[in-house]
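*Asks:* I have a structure I would like to understand better, so I am pasting it below and will then ask my questions one at a time.
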Amino acid sequence: MDLSIIIVSWRVKGLLEQCLESIFNETRNLDFEVLVIDNDSGDGTVEMVENNFPRVKLVKSQINLGFARAANLGLKRAQGRFLLLLNPDTKLIDNSLKKSVDFMEQNPAVGVLGGRLLNRDLTLQPSVRRFPRLLDHLLMALKLHHLFPLKKYLALDFDYNKTGVVEQVMGAFFLISRRCFSQAGFLDEKYYIWFEEVDYCWRAKKAGFTVNYYPEAKIIHLGGQSFRQVFTLKNQWIFSASRLRYIRKHQGLLAYLVILILTPISLLLSLFNLKNGR
């Protein structure tokens with residue numbers, strides 16, 4: 001098996017259907033399997049997959065496990081030499097999976113690969129970032145990043161037309177080699193959602209692999225469709241908890257304590273912005 005495609009889905013039945021159609025219509029000359037982990041959607045997703053995509057291996061969770069735990073269910077069942085975590089709100093074009101696997105085979109030092117993410121109108125969607133510094137966390141926590149753009153963290157100087165080694169790529173299209181997976185392991189399930197891919201890029205690099213961006217892999221990404229259905233303040237809480245987890249693991253106790261103290265202020269600022277329609 002060349003590739004295992006793992007899709008975690010929650011209440012995006014129509015988008016998932018389009019995603020699966022694009023996989024089977026746009027992938028050629030590749031031996032692959034598709035695993036869908038449904039996080040108790042209750043919107044007809046399970047029936048749609050069972051009726052329309054008999055090749056898909058469906059895992060039905062009775063609760064919403066979050067992303068990392070659900071993705072690990074797929075990773076445990078995956079048989080491919082390469083493992084792709086793919087968002088359900090994506091559409092593949094131009095045989096991108098075959099191109100990505102070929103690139104990984106030709107470059108065995110690459111542990112994680114991200115592609116060129118595109119908006120609905122095919123304009124570029126930024127997907128490469130550097131690892132966040134304490135200053136970046138401070139500005140985001142205090143909602144000052146609109147006044148002081150995070151140019152370094154957001155890698156605003158990155159050339160998306162060139163293949164290159166990067167620090168992290170967005171998790172919407174996240175291709176992992178089996179060799180890297182054997183070293184870096186499963187996703188950290190203490191992240192409910194957010195920061196799990198940043199954490200994994202860090203761990204892949206620590207294991208001696210590179211994280212690369214590859215523009216020939218083109219993916220239309222609608223972006224964050226599942227979590228737009230959740231109350232915004234709850235989103236902020238989940239994001240804050242994941243950020244604290246990441247800082248504690250990779251940036252030390254002092255940085256963790258600083259952001260921990262600021263987290264209640266950050267949540268109050270989020271509530272203020274929500275009430276004022278910002």
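Here, A, B, ... name the chains of the structure tokens in the order displayed, residue numbers run from 1 inside each chain, and ligands are numbered from 1 in the same displayed order.
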Identify, on the basis of only C-alpha atoms, every residue whose closest approach to segment 55-71 of chain A does not exceed 6 Å; exclude the query and any residue fewer than 3 positions from it along the same chain; express the result as a ChimeraX atom specification.
*Replies:* /A:34-40,74,187,189,192-193
*Asks:* With C-alpha atoms retained, export the selected residues as a PDB file, in the first residue's frame.
*Replies:*
ATOM      1  CA  VAL A  34      -9.092   5.944   2.613  1.00  0.00           C
ATOM      2  CA  LEU A  35     -10.078   5.868   6.275  1.00  0.00           C
ATOM      3  CA  VAL A  36     -12.815   8.182   7.545  1.00  0.00           C
ATOM      4  CA  ILE A  37     -13.194   8.640  11.282  1.00  0.00           C
ATOM      5  CA  ASP A  38     -16.609  10.112  12.019  1.00  0.00           C
ATOM      6  CA  ASN A  39     -16.707  12.022  15.301  1.00  0.00           C
ATOM      7  CA  ASP A  40     -20.369  11.302  16.083  1.00  0.00           C
ATOM      8  CA  GLY A  74      -6.931   6.030  11.688  1.00  0.00           C
ATOM      9  CA  LEU A 187      -0.311  12.598  17.577  1.00  0.00           C
ATOM     10  CA  GLU A 189      -3.931  13.210  22.274  1.00  0.00           C
ATOM     11  CA  TYR A 192      -8.164  18.353  21.493  1.00  0.00           C
ATOM     12  CA  ILE A 193      -7.617  20.412  18.361  1.00  0.00           C
TER      13      ILE A 193
END
*Asks:* Could you please write out, as number ranges by chain, every residue of segment 18-70 of chain A that DSSP assigns to strand (DSSP E or B)?
*Replies:* A: 32-39, 57-61
*Asks:* Please, could you write that set of residues out with N, CA and C atoms as a PDB file, in the first residue's frame?
*Replies:*
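Output contents, as saved in part-v6.pdb:
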ATOM      1  N   PHE A  32      -3.819   3.189  -2.904  1.00  0.00           N
ATOM      2  CA  PHE A  32      -4.146   3.926  -1.685  1.00  0.00           C
ATOM      3  C   PHE A  32      -5.399   3.381  -1.016  1.00  0.00           C
ATOM      4  N   GLU A  33      -5.537   3.724   0.246  1.00  0.00           N
ATOM      5  CA  GLU A  33      -6.742   3.426   1.008  1.00  0.00           C
ATOM      6  C   GLU A  33      -7.219   4.716   1.665  1.00  0.00           C
ATOM      7  N   VAL A  34      -8.517   4.779   1.953  1.00  0.00           N
ATOM      8  CA  VAL A  34      -9.092   5.944   2.613  1.00  0.00           C
ATOM      9  C   VAL A  34      -9.787   5.490   3.886  1.00  0.00           C
ATOM     10  N   LEU A  35      -9.441   6.143   4.985  1.00  0.00           N
ATOM     11  CA  LEU A  35     -10.078   5.868   6.275  1.00  0.00           C
ATOM     12  C   LEU A  35     -10.766   7.139   6.749  1.00  0.00           C
ATOM     13  N   VAL A  36     -12.058   7.058   7.004  1.00  0.00           N
ATOM     14  CA  VAL A  36     -12.815   8.182   7.545  1.00  0.00           C
ATOM     15  C   VAL A  36     -13.179   7.871   8.986  1.00  0.00           C
ATOM     16  N   ILE A  37     -12.811   8.766   9.878  1.00  0.00           N
ATOM     17  CA  ILE A  37     -13.194   8.640  11.282  1.00  0.00           C
ATOM     18  C   ILE A  37     -14.279   9.665  11.536  1.00  0.00           C
ATOM     19  N   ASP A  38     -15.486   9.201  11.768  1.00  0.00           N
ATOM     20  CA  ASP A  38     -16.609  10.112  12.019  1.00  0.00           C
ATOM     21  C   ASP A  38     -16.746  10.355  13.515  1.00  0.00           C
ATOM     22  N   ASN A  39     -16.670  11.632  13.886  1.00  0.00           N
ATOM     23  CA  ASN A  39     -16.707  12.022  15.301  1.00  0.00           C
ATOM     24  C   ASN A  39     -18.137  12.261  15.780  1.00  0.00           C
ATOM     25  N   LYS A  57     -12.873   2.880   4.376  1.00  0.00           N
ATOM     26  CA  LYS A  57     -12.924   2.199   5.667  1.00  0.00           C
ATOM     27  C   LYS A  57     -13.430   3.204   6.700  1.00  0.00           C
ATOM     28  N   LEU A  58     -14.616   2.944   7.219  1.00  0.00           N
ATOM     29  CA  LEU A  58     -15.289   3.892   8.093  1.00  0.00           C
ATOM     30  C   LEU A  58     -15.156   3.483   9.555  1.00  0.00           C
ATOM     31  N   VAL A  59     -14.713   4.419  10.370  1.00  0.00           N
ATOM     32  CA  VAL A  59     -14.629   4.213  11.815  1.00  0.00           C
ATOM     33  C   VAL A  59     -15.649   5.141  12.455  1.00  0.00           C
ATOM     34  N   LYS A  60     -16.595   4.561  13.186  1.00  0.00           N
ATOM     35  CA  LYS A  60     -17.694   5.348  13.762  1.00  0.00           C
ATOM     36  C   LYS A  60     -17.486   5.513  15.262  1.00  0.00           C
ATOM     37  N   SER A  61     -17.166   6.733  15.678  1.00  0.00           N
ATOM     38  CA  SER A  61     -17.021   7.019  17.099  1.00  0.00           C
ATOM     39  C   SER A  61     -18.376   7.419  17.670  1.00  0.00           C
TER      40      SER A  61
END
*Asks:* Ranking A:Val198, A:Ala109, A:Val165, A:Leu222 by minimum distance to Gln18 of chain A and counting only C-alpha atoms, which one comes first?
*Replies:* A:Leu222
*Asks:* Extract, using only C-alpha atoms, all DNA, RNA and protein residues at most 8 Å from Lys218 of chain A, discarding same-chain residues fewer than 5 positions from it, and format them as a CSV table (one decimal) with C-alpha atoms, in the first residue's frame.
*Replies:*
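Everything below was put into around_26.csv:
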chain,number,residue,atom,x,y,z
A,92,LEU,CA,-7.7,17.5,-4.5
A,93,ILE,CA,-6.7,18.5,-8.0
A,94,ASP,CA,-4.0,17.6,-10.6
A,96,SER,CA,-1.6,15.8,-6.2
A,115,GLY,CA,1.3,21.3,-0.2
A,116,ARG,CA,0.0,24.5,-1.9
A,117,LEU,CA,-3.3,25.3,-0.3
A,118,LEU,CA,-5.7,27.3,-2.4
*Asks:* Calculate how many Å separate atom CA of Ala141 of chain A from atom CA of Trp237 of chain A, rounding to one decimal.
*Replies:*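 Interatomic distance, atom CA of Ala141 of chain A to atom CA of Trp237 of chain A: 11.4 Å.
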*Asks:* Of the candidates A:Lys91, A:Leu85, A:Gly42, A:Ile219, which one gets nearest to Asn25 of chain A if we count only C-alpha atoms?
*Replies:* A:Lys91
*Asks:* Quick one: DSSP helix (DSSP H, G or I) residues in segment 144-258 of chain A, as a PyMOL selection string?
*Replies:* chain A and resi 178-184+196-206+227-229+232-250+252-258
*Asks:* Next, dump the selected residues to file, keeping only C-alpha atoms, as a PDB file, in the first residue's frame.
*Replies:*
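New file part20.pdb:
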ATOM      1  CA  ARG A 178       6.256   5.786   7.632  1.00  0.00           C
ATOM      2  CA  ARG A 179       9.908   6.173   8.644  1.00  0.00           C
ATOM      3  CA  CYS A 180       9.150   9.450  10.381  1.00  0.00           C
ATOM      4  CA  PHE A 181       6.034   8.023  11.999  1.00  0.00           C
ATOM      5  CA  SER A 182       8.039   5.123  13.411  1.00  0.00           C
ATOM      6  CA  GLN A 183      10.281   7.681  15.159  1.00  0.00           C
ATOM      7  CA  ALA A 184       7.898  10.519  16.064  1.00  0.00           C
ATOM      8  CA  GLU A 196      -1.123  19.118  17.302  1.00  0.00           C
ATOM      9  CA  GLU A 197       0.460  19.583  13.861  1.00  0.00           C
ATOM     10  CA  VAL A 198       2.896  22.215  15.193  1.00  0.00           C
ATOM     11  CA  ASP A 199       3.873  19.766  17.918  1.00  0.00           C
ATOM     12  CA  TYR A 200       4.315  16.998  15.358  1.00  0.00           C
ATOM     13  CA  CYS A 201       6.546  19.118  13.109  1.00  0.00           C
ATOM     14  CA  TRP A 202       8.719  19.883  16.121  1.00  0.00           C
ATOM     15  CA  ARG A 203       8.949  16.193  17.002  1.00  0.00           C
ATOM     16  CA  ALA A 204       9.697  15.202  13.395  1.00  0.00           C
ATOM     17  CA  LYS A 205      12.598  17.645  13.291  1.00  0.00           C
ATOM     18  CA  LYS A 206      13.854  16.423  16.649  1.00  0.00           C
ATOM     19  CA  PHE A 227     -15.257  24.499  14.198  1.00  0.00           C
ATOM     20  CA  ARG A 228     -17.216  27.408  12.772  1.00  0.00           C
ATOM     21  CA  GLN A 229     -20.183  25.515  14.172  1.00  0.00           C
ATOM     22  CA  THR A 232     -16.496  31.296  19.370  1.00  0.00           C
ATOM     23  CA  LEU A 233     -15.587  31.705  23.049  1.00  0.00           C
ATOM     24  CA  LYS A 234     -15.430  27.915  23.345  1.00  0.00           C
ATOM     25  CA  ASN A 235     -13.062  27.928  20.366  1.00  0.00           C
ATOM     26  CA  GLN A 236     -10.876  30.420  22.192  1.00  0.00           C
ATOM     27  CA  TRP A 237     -10.792  28.235  25.285  1.00  0.00           C
ATOM     28  CA  ILE A 238      -9.817  25.148  23.286  1.00  0.00           C
ATOM     29  CA  PHE A 239      -7.149  27.148  21.436  1.00  0.00           C
ATOM     30  CA  SER A 240      -5.775  28.539  24.709  1.00  0.00           C
ATOM     31  CA  ALA A 241      -5.584  25.097  26.303  1.00  0.00           C
ATOM     32  CA  SER A 242      -3.740  23.703  23.274  1.00  0.00           C
ATOM     33  CA  ARG A 243      -1.351  26.660  23.229  1.00  0.00           C
ATOM     34  CA  LEU A 244      -0.517  26.095  26.896  1.00  0.00           C
ATOM     35  CA  ARG A 245       0.121  22.410  26.224  1.00  0.00           C
ATOM     36  CA  TYR A 246       2.513  23.262  23.384  1.00  0.00           C
ATOM     37  CA  ILE A 247       4.388  25.909  25.389  1.00  0.00           C
ATOM     38  CA  ARG A 248       4.790  23.615  28.386  1.00  0.00           C
ATOM     39  CA  LYS A 249       6.232  20.845  26.198  1.00  0.00           C
ATOM     40  CA  HIS A 250       8.564  22.873  24.013  1.00  0.00           C
ATOM     41  CA  GLY A 252       9.787  25.814  29.157  1.00  0.00           C
ATOM     42  CA  LEU A 253       8.171  26.504  32.495  1.00  0.00           C
ATOM     43  CA  LEU A 254       8.710  30.276  32.551  1.00  0.00           C
ATOM     44  CA  ALA A 255       7.012  30.825  29.197  1.00  0.00           C
ATOM     45  CA  TYR A 256       4.203  28.512  30.279  1.00  0.00           C
ATOM     46  CA  LEU A 257       3.594  30.431  33.511  1.00  0.00           C
ATOM     47  CA  VAL A 258       3.584  33.792  31.720  1.00  0.00           C
TER      48      VAL A 258
END
*Asks:* Using only C-alpha atoms, can you tell me which of A:Trp194, A:Tyr214, A:Phe148, A:Phe272 comes closest to Val166 of chain A?
*Replies:*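 Of A:Trp194, A:Tyr214, A:Phe148, A:Phe272, the one nearest Val166 of chain A, counting only C-alpha atoms, is A:Tyr214.
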*Asks:* Between atom CA of Ile23 of chain A and atom CA of Phe53 of chain A, what is the spacing in Å?
*Replies:*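 Answer for the atom CA of Phe53 of chain A to atom CA of Ile23 of chain A separation: 11.1 Å.
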*Asks:* Report, in Å to a single decimal, how far apart atom CA of Leu84 of chain A and atom CA of Leu124 of chain A are.
*Replies:* 21.0 Å
*Asks:* Which residue is closest to Phe195 of chain A? Choose from A:Asp157, A:Pro132, A:Ser127, A:Lys152 and count only C-alpha atoms.
*Replies:* A:Pro132
*Asks:* Using only C-alpha atoms, which of the listed residues (A:Leu83, A:Ala172, A:Leu139, A:Cys19) sits closest to Ser266 of chain A?
*Replies:*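 Of the candidates, the smallest distance to Ser266 of chain A is held by A:Leu139.
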*Asks:* Determine, counting only C-alpha atoms, which protein, DNA and RNA residues have an atom within 9 Å of an atom of Tyr153 of chain A; residues of the same chain fewer than 2 positions away are not included. Present the result as a ChimeraX atom specification.
*Replies:* /A:129-133,136,150-151,155-156
*Asks:* Write the residues of the preceding selection, restricted to C-alpha atoms, as a PDB file, in the first residue's frame.
*Replies:*
ATOM      1  CA  ARG A 129       4.677  29.224   9.501  1.00  0.00           C
ATOM      2  CA  ARG A 130       7.665  29.298  11.780  1.00  0.00           C
ATOM      3  CA  PHE A 131       7.531  27.983  15.312  1.00  0.00           C
ATOM      4  CA  PRO A 132       5.951  30.581  17.611  1.00  0.00           C
ATOM      5  CA  ARG A 133       8.203  32.490  20.020  1.00  0.00           C
ATOM      6  CA  ASP A 136       4.235  35.767  19.379  1.00  0.00           C
ATOM      7  CA  LEU A 150       3.539  38.586  13.383  1.00  0.00           C
ATOM      8  CA  LYS A 151       5.684  38.728  10.263  1.00  0.00           C
ATOM      9  CA  ALA A 155       6.549  33.552   7.504  1.00  0.00           C
ATOM     10  CA  LEU A 156       5.361  36.471   5.373  1.00  0.00           C
TER      11      LEU A 156
END
*Asks:* Which of these, A:Gly14, A:Gly80, A:Pro215, A:Pro149, has the shortest distance to Lys99 of chain A once you count only C-alpha atoms?
*Replies:* A:Pro215
